[in-house]
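What follows is work10.txt (compact mmCIF, C-alpha atoms and all ligand atoms).
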# COMPACT_ATOMS: atom_id res chain seq x y z
CA MET J 1 -3.80 19.91 -2.53
CA ALA J 2 -0.10 19.12 -2.92
CA THR J 3 1.68 21.15 -5.59
CA ILE J 4 4.63 20.57 -7.90
CA GLU J 5 6.38 23.55 -6.29
CA GLN J 6 6.13 21.95 -2.83
CA LEU J 7 7.58 18.74 -4.19
CA GLN J 8 10.36 20.62 -5.99
CA THR J 9 11.33 22.40 -2.75
CA ILE J 10 11.48 19.12 -0.82
CA ILE J 11 13.63 17.44 -3.48
CA ASP J 12 15.92 20.51 -3.68
CA ASN J 13 16.48 20.34 0.09
CA SER J 14 16.90 16.54 0.32
CA LYS J 15 20.26 14.79 0.46
CA LYS J 16 19.21 11.17 0.95
CA VAL J 17 16.06 10.31 -0.95
CA VAL J 18 14.84 6.72 -0.93
CA PHE J 19 12.20 5.57 -3.39
CA PHE J 20 9.79 2.80 -2.44
CA GLY J 21 7.80 1.60 -5.43
CA GLY J 22 5.44 -0.99 -6.81
CA ALA J 23 3.78 -2.20 -9.97
CA GLY J 24 2.31 1.26 -10.72
CA VAL J 25 5.83 2.50 -11.49
CA SER J 26 5.95 0.26 -14.56
CA THR J 27 2.41 0.70 -15.94
CA GLU J 28 3.66 3.69 -17.96
CA SER J 29 6.07 1.21 -19.60
CA GLY J 30 3.09 -0.93 -20.61
CA ILE J 31 3.37 -3.59 -17.89
CA PRO J 32 0.02 -4.19 -16.17
CA ASP J 33 -0.17 -3.95 -12.36
CA PHE J 34 -2.22 -6.27 -10.16
CA ARG J 35 -5.00 -4.22 -8.59
CA SER J 36 -6.00 -1.44 -11.02
CA VAL J 37 -9.25 -1.95 -12.94
CA ASP J 38 -7.27 -3.13 -15.96
CA GLY J 39 -4.76 -4.96 -13.73
CA LEU J 40 -4.20 -8.71 -13.72
CA TYR J 41 -6.48 -9.33 -10.71
CA ASN J 42 -9.46 -8.04 -12.61
CA GLN J 43 -8.98 -10.35 -15.59
CA LYS J 44 -10.41 -13.86 -15.70
CA TYR J 45 -8.19 -16.93 -15.37
CA ASP J 46 -8.82 -20.57 -14.46
CA TYR J 47 -7.35 -19.80 -11.01
CA PRO J 48 -6.95 -16.44 -9.26
CA PRO J 49 -3.51 -14.92 -9.99
CA GLU J 50 -2.57 -14.82 -6.29
CA MET J 51 -3.08 -18.59 -6.20
CA ILE J 52 -1.07 -19.19 -9.38
CA LEU J 53 1.76 -17.04 -8.04
CA SER J 54 2.08 -19.08 -4.84
CA HIS J 55 4.73 -21.57 -3.82
CA THR J 56 2.19 -24.39 -3.43
CA PHE J 57 0.85 -23.81 -6.93
CA PHE J 58 4.35 -23.77 -8.40
CA GLU J 59 5.07 -27.13 -6.72
CA LYS J 60 1.80 -28.80 -7.69
CA HIS J 61 0.96 -27.28 -11.08
CA THR J 62 4.31 -26.18 -12.47
CA ALA J 63 3.22 -26.25 -16.14
CA GLU J 64 0.11 -24.16 -15.40
CA PHE J 65 2.23 -21.73 -13.39
CA TYR J 66 4.57 -21.27 -16.36
CA ARG J 67 1.70 -20.78 -18.81
CA PHE J 68 0.46 -17.78 -16.79
CA TYR J 69 3.95 -16.57 -15.95
CA ARG J 70 5.19 -16.50 -19.57
CA ASP J 71 2.00 -14.80 -20.69
CA LYS J 72 1.55 -12.20 -17.98
CA MET J 73 4.75 -11.67 -16.02
CA VAL J 74 7.54 -11.87 -18.57
CA PHE J 75 8.07 -8.88 -20.85
CA LEU J 76 11.14 -8.79 -23.06
CA ASP J 77 10.39 -5.64 -25.03
CA LYS J 78 9.50 -3.13 -22.31
CA LYS J 79 11.59 -0.03 -21.72
CA PRO J 80 12.12 2.16 -18.65
CA ASN J 81 9.75 5.11 -18.47
CA LYS J 82 10.12 8.68 -17.18
CA ALA J 83 9.88 7.57 -13.53
CA HIS J 84 12.71 5.02 -13.84
CA LEU J 85 14.88 7.52 -15.75
CA TRP J 86 14.27 10.38 -13.30
CA LEU J 87 15.24 8.16 -10.34
CA ALA J 88 18.44 7.06 -12.08
CA GLU J 89 19.30 10.75 -12.66
CA LEU J 90 18.61 11.60 -9.02
CA GLU J 91 20.98 8.84 -7.93
CA LYS J 92 23.63 10.07 -10.37
CA ALA J 93 23.28 13.56 -8.89
CA GLY J 94 24.12 12.07 -5.48
CA LYS J 95 20.71 12.79 -3.97
CA LEU J 96 19.11 9.33 -3.99
CA THR J 97 20.60 6.53 -1.90
CA ALA J 98 18.39 3.61 -2.94
CA VAL J 99 15.40 2.35 -4.85
CA VAL J 100 13.42 -0.26 -2.92
CA THR J 101 11.04 -1.98 -5.31
CA GLN J 102 8.39 -4.66 -5.18
CA ASN J 103 8.71 -4.97 -8.95
CA ILE J 104 10.35 -7.90 -10.64
CA ASP J 105 10.87 -6.41 -14.10
CA GLY J 106 14.44 -5.06 -13.85
CA LEU J 107 13.47 -1.69 -15.35
CA HIS J 108 15.21 0.41 -12.66
CA GLN J 109 18.56 -1.17 -13.54
CA ALA J 110 17.77 -0.82 -17.24
CA ALA J 111 17.33 2.92 -16.62
CA GLY J 112 20.77 3.09 -14.97
CA SER J 113 19.95 2.87 -11.24
CA LYS J 114 22.74 1.17 -9.30
CA CYS J 115 21.43 0.68 -5.78
CA VAL J 116 18.19 -1.26 -6.22
CA TYR J 117 16.71 -3.57 -3.58
CA GLU J 118 14.36 -5.96 -5.32
CA LEU J 119 12.19 -7.22 -2.47
CA HIS J 120 10.39 -9.73 -4.67
CA GLY J 121 13.29 -10.79 -6.87
CA SER J 122 13.54 -10.52 -10.65
CA VAL J 123 12.21 -12.31 -13.70
CA LEU J 124 15.64 -11.73 -15.26
CA ARG J 125 17.22 -14.36 -13.00
CA ASN J 126 16.28 -18.03 -13.20
CA PHE J 127 18.03 -20.97 -11.57
CA CYS J 128 17.99 -24.74 -11.76
CA ARG J 129 16.61 -26.02 -8.47
CA ASN J 130 18.99 -28.95 -8.64
CA CYS J 131 22.42 -27.56 -9.68
CA ARG J 132 21.76 -23.76 -9.41
CA LYS J 133 22.81 -23.13 -13.03
CA PHE J 134 21.69 -19.65 -14.18
CA TYR J 135 19.26 -19.22 -17.07
CA PRO J 136 18.36 -15.89 -18.71
CA ILE J 137 14.81 -14.72 -19.19
CA GLU J 138 14.90 -15.48 -22.92
CA PHE J 139 15.38 -19.16 -22.13
CA ILE J 140 12.20 -19.19 -20.03
CA LYS J 141 10.19 -17.21 -22.57
CA ASN J 142 11.26 -19.40 -25.48
CA SER J 143 10.87 -22.76 -23.74
CA GLU J 144 7.64 -24.73 -23.65
CA GLY J 145 5.91 -26.37 -20.71
CA VAL J 146 8.12 -26.68 -17.64
CA PRO J 147 11.65 -25.41 -18.40
CA HIS J 148 14.35 -27.90 -17.48
CA CYS J 149 18.10 -27.57 -16.96
CA ASP J 150 20.72 -29.66 -18.83
CA CYS J 151 21.00 -31.69 -15.61
CA GLY J 152 17.27 -32.49 -15.65
CA GLY J 153 16.33 -30.17 -12.77
CA VAL J 154 13.33 -27.84 -12.92
CA ILE J 155 14.19 -24.16 -13.44
CA LYS J 156 12.57 -21.67 -11.05
CA PRO J 157 12.45 -17.90 -11.47
CA ASP J 158 14.24 -15.93 -8.74
CA VAL J 159 10.90 -14.35 -7.83
CA VAL J 160 9.42 -14.39 -4.34
CA LEU J 161 6.10 -16.22 -4.64
CA TYR J 162 3.27 -15.92 -2.13
CA GLU J 163 4.11 -18.15 0.92
CA GLU J 164 7.84 -17.59 0.37
CA GLY J 165 10.11 -15.44 2.53
CA LEU J 166 12.12 -12.41 1.41
CA ASP J 167 15.88 -12.57 0.98
CA ASP J 168 17.63 -11.54 4.24
CA SER J 169 20.37 -9.36 2.77
CA THR J 170 17.88 -7.54 0.51
CA VAL J 171 15.63 -6.86 3.51
CA PHE J 172 18.59 -5.64 5.57
CA GLY J 173 19.81 -3.28 2.84
CA ALA J 174 16.33 -1.92 2.13
CA LEU J 175 15.51 -1.26 5.77
CA ASN J 176 18.87 0.37 6.38
CA ALA J 177 18.34 2.70 3.41
CA ILE J 178 14.81 3.62 4.53
CA GLN J 179 15.89 4.23 8.14
CA THR J 180 18.66 6.61 7.12
CA ALA J 181 16.78 8.55 4.43
CA ASP J 182 15.70 12.16 4.82
CA THR J 183 12.91 11.90 2.23
CA LEU J 184 10.87 8.85 1.29
CA ILE J 185 8.98 8.77 -2.00
CA ILE J 186 6.34 6.02 -2.08
CA ALA J 187 4.84 5.48 -5.52
CA GLY J 188 2.77 3.14 -7.65
CA THR J 189 1.86 0.74 -4.88
CA SER J 190 -1.44 -0.19 -3.27
CA LEU J 191 0.52 -0.84 -0.02
CA THR J 192 -1.40 -4.06 0.54
CA VAL J 193 1.27 -6.73 0.03
CA TYR J 194 3.08 -7.60 3.26
CA PRO J 195 5.73 -7.70 4.59
CA ALA J 196 6.93 -5.26 1.87
CA ALA J 197 4.28 -2.60 2.59
CA GLY J 198 5.35 -2.54 6.24
CA PHE J 199 8.85 -1.36 5.33
CA ILE J 200 7.78 2.29 5.07
CA ARG J 201 7.10 2.32 8.82
CA TYR J 202 10.87 2.29 9.40
CA PHE J 203 11.26 5.75 7.87
CA ARG J 204 12.43 8.37 10.40
CA GLY J 205 13.10 11.33 8.10
CA ASP J 206 11.22 14.57 7.52
CA ASN J 207 9.11 14.16 4.38
CA THR J 208 7.04 11.35 2.93
CA ILE J 209 5.80 11.89 -0.63
CA LEU J 210 3.04 9.59 -1.81
CA ILE J 211 2.33 9.32 -5.55
CA ASN J 212 -0.37 6.82 -6.46
CA ARG J 213 -3.22 6.92 -8.94
CA ASP J 214 -5.67 5.40 -6.44
CA GLU J 215 -5.99 6.10 -2.73
CA THR J 216 -3.85 4.06 -0.33
CA PRO J 217 -4.10 3.25 3.40
CA PHE J 218 -1.17 5.64 3.95
CA ASP J 219 -2.66 8.78 2.33
CA ASP J 220 -3.45 10.56 5.60
CA ARG J 221 0.09 10.08 6.93
CA ALA J 222 2.12 11.48 4.03
CA THR J 223 3.54 15.02 3.86
CA LEU J 224 2.40 15.39 0.24
CA VAL J 225 -0.07 13.16 -1.62
CA PHE J 226 -0.48 13.13 -5.41
CA HIS J 227 -3.12 10.97 -7.11
CA GLU J 228 -1.31 11.20 -10.42
CA LYS J 229 0.85 9.20 -12.78
CA VAL J 230 4.27 8.80 -11.22
CA GLY J 231 6.34 9.20 -14.41
CA GLU J 232 4.43 12.24 -15.58
CA LEU J 233 4.74 13.89 -12.17
CA LEU J 234 8.38 13.14 -11.34
CA SER J 235 9.63 14.16 -14.78
CA GLN J 236 8.40 17.69 -14.04
CA ILE J 237 10.74 17.95 -11.04
CA LYS J 238 14.12 19.45 -11.91
CA ILE J 239 17.23 17.81 -10.50
CA ASN J 240 19.43 20.69 -9.35
P1 LIG J 301 -0.68 -3.23 -7.03
O1 LIG J 301 -1.33 -3.78 -5.84
O2 LIG J 301 -1.11 -3.70 -8.37
O3 LIG J 301 -0.89 -1.65 -6.95
C1 LIG J 301 -0.44 -0.79 -7.95
C2 LIG J 301 -0.88 0.62 -7.59
O4 LIG J 301 -0.26 1.49 -8.52
C3 LIG J 301 -2.37 0.85 -7.66
O5 LIG J 301 -2.83 1.37 -6.42
C4 LIG J 301 -2.55 1.89 -8.79
O6 LIG J 301 -3.49 2.89 -8.46
C5 LIG J 301 -1.18 2.49 -8.88
N1 LIG J 301 -0.79 2.93 -10.22
C6 LIG J 301 -0.93 2.28 -11.39
N2 LIG J 301 -0.35 2.97 -12.39
C7 LIG J 301 0.15 4.10 -11.82
C8 LIG J 301 0.85 5.22 -12.33
N3 LIG J 301 1.19 5.33 -13.62
N4 LIG J 301 1.23 6.19 -11.46
C9 LIG J 301 0.90 6.12 -10.15
N5 LIG J 301 0.22 5.08 -9.62
C10 LIG J 301 -0.14 4.08 -10.44
O7 LIG J 301 0.91 -3.39 -6.99
P2 LIG J 301 1.90 -3.41 -5.74
O8 LIG J 301 3.24 -3.20 -6.29
O9 LIG J 301 1.43 -2.55 -4.63
O10 LIG J 301 1.74 -4.92 -5.24
C11 LIG J 301 2.84 -5.63 -5.03
C12 LIG J 301 3.02 -6.81 -6.01
C13 LIG J 301 2.73 -6.50 -7.45
C14 LIG J 301 4.45 -7.18 -5.99
O11 LIG J 301 4.57 -8.46 -5.49
C15 LIG J 301 4.96 -7.13 -7.44
O12 LIG J 301 5.89 -8.14 -7.67
C16 LIG J 301 3.74 -7.31 -8.25
N6 LIG J 301 3.80 -6.87 -9.66
C17 LIG J 301 4.94 -6.41 -10.23
C18 LIG J 301 4.95 -6.01 -11.55
C19 LIG J 301 6.24 -5.50 -12.15
O13 LIG J 301 7.31 -5.98 -11.81
N7 LIG J 301 6.17 -4.52 -13.05
C20 LIG J 301 3.78 -6.07 -12.31
C21 LIG J 301 2.61 -6.56 -11.70
C22 LIG J 301 2.63 -6.95 -10.37
Render the structure in this file as structure tokens.
Amino acid sequence: MATIEQLQTIIDNSKKVVFFGGAGVSTESGIPDFRSVDGLYNQKYDYPPEMILSHTFFEKHTAEFYRFYRDKMVFLDKKPNKAHLWLAELEKAGKLTAVVTQNIDGLHQAAGSKCVYELHGSVLRNFCRNCRKFYPIEFIKNSEGVPHCDCGGVIKPDVVLYEEGLDDSTVFGALNAIQTADTLIIAGTSLTVYPAAGFIRYFRGDNTILINRDETPFDDRATLVFHEKVGELLSQIKIN
């Protein structure tokens, strides 16, 4: 069984930590993940969430997409939790080089993290598909039906939907950070969404720490595995 002391020693001796996270990092902020028992994939909708969150669905059923999206993906009142805050502190201390996240909620930046690679984009950014005008999240949340720009174009969130590719420069930055890290912390992710989940294979450093409530396909390859809550665990680690 991995211990807090072992984790503390690894963090004390690390100079370039990279954090790779998923939806489980934000559940302690009250944002549901996808695959836990109380996650979005285990609730009942007219269509399965992975279908609603696809490019084809957005094109064909834009109003239906937005109904789900406003209800389940957009949170205006959520605050960073202990995991987000600990990571921001570690970066400030000069020991963390990057956060690579599959999350789209902007909570790492809200906690103060500077170098954040958002593999799947962010709900905080929304653009007109016609003229590229920027719209804040509040505009989407407070609009009804399909949100439209002043120019008449449809507004689309800067979120990578299923069937869409990742942004090249984000991928490049994330892979570079992972390849040059000495410690990789993987947390709050089922490691089932590709290509993102494949990024951890680029790690060449000494220690991989896995923190996830449920088991993952990577458990037998990590240096330390914790089946615990990420915020509760990390906040016990002192940043020296
Ligand atoms: P997932 O497949 O829902 O897996 C989440 C994992 O986190 C599960 O294995 C849980 O056991 C685990 N978990 C939940 N809470 C905790 C906790 N407190 N501490 C430790 N582990 C916990 O989510 P993934 O991120 O792996 O899947 C990738 C999808 C989910 C990405 O495309 C995201 O955009 C998408 N997503 C993002 C958010 C968000 O931005 N907050 C919310 C829901 C889904």
Please identify every polymer residue within 6 Å of ligand LIG 301 (chain J), using all atoms listed in the file, and present the set as number ranges by chain.
-> J: 22-28, 31-36, 102-105, 120, 188-191, 193, 211-214, 228-230
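By all atoms listed in the file, and with residues fewer than 4 positions from Glu5 in chain J along its chain excluded, the set lying at most 10 Å from it is Thr9, Ile10, Ile11, Gln236 and Ile237 of chain J.
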CA of Tyr135 in chain J sits from CA of Leu53 in chain J at a separation of 19.8 Å
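Computed from the coordinates, the CA of Met1 in chain J to CA of Leu184 in chain J distance equals 18.8 Å.
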Got a sec: who's within 8 Å of Ala174 in chain J, counting only C-alpha atoms, leaving out chain neighbours fewer than 5 positions off, as a ChimeraX atom specification?
-> /J:98,100,117
Extract, using only C-alpha atoms, all DNA, RNA and protein residues at most 12 Å from Leu76 in chain J, discarding same-chain residues fewer than 4 positions from it, and format them as a PyMOL selection string.
-> chain J and resi 29-31+70-72+80+105-107+110+123-124+136-142
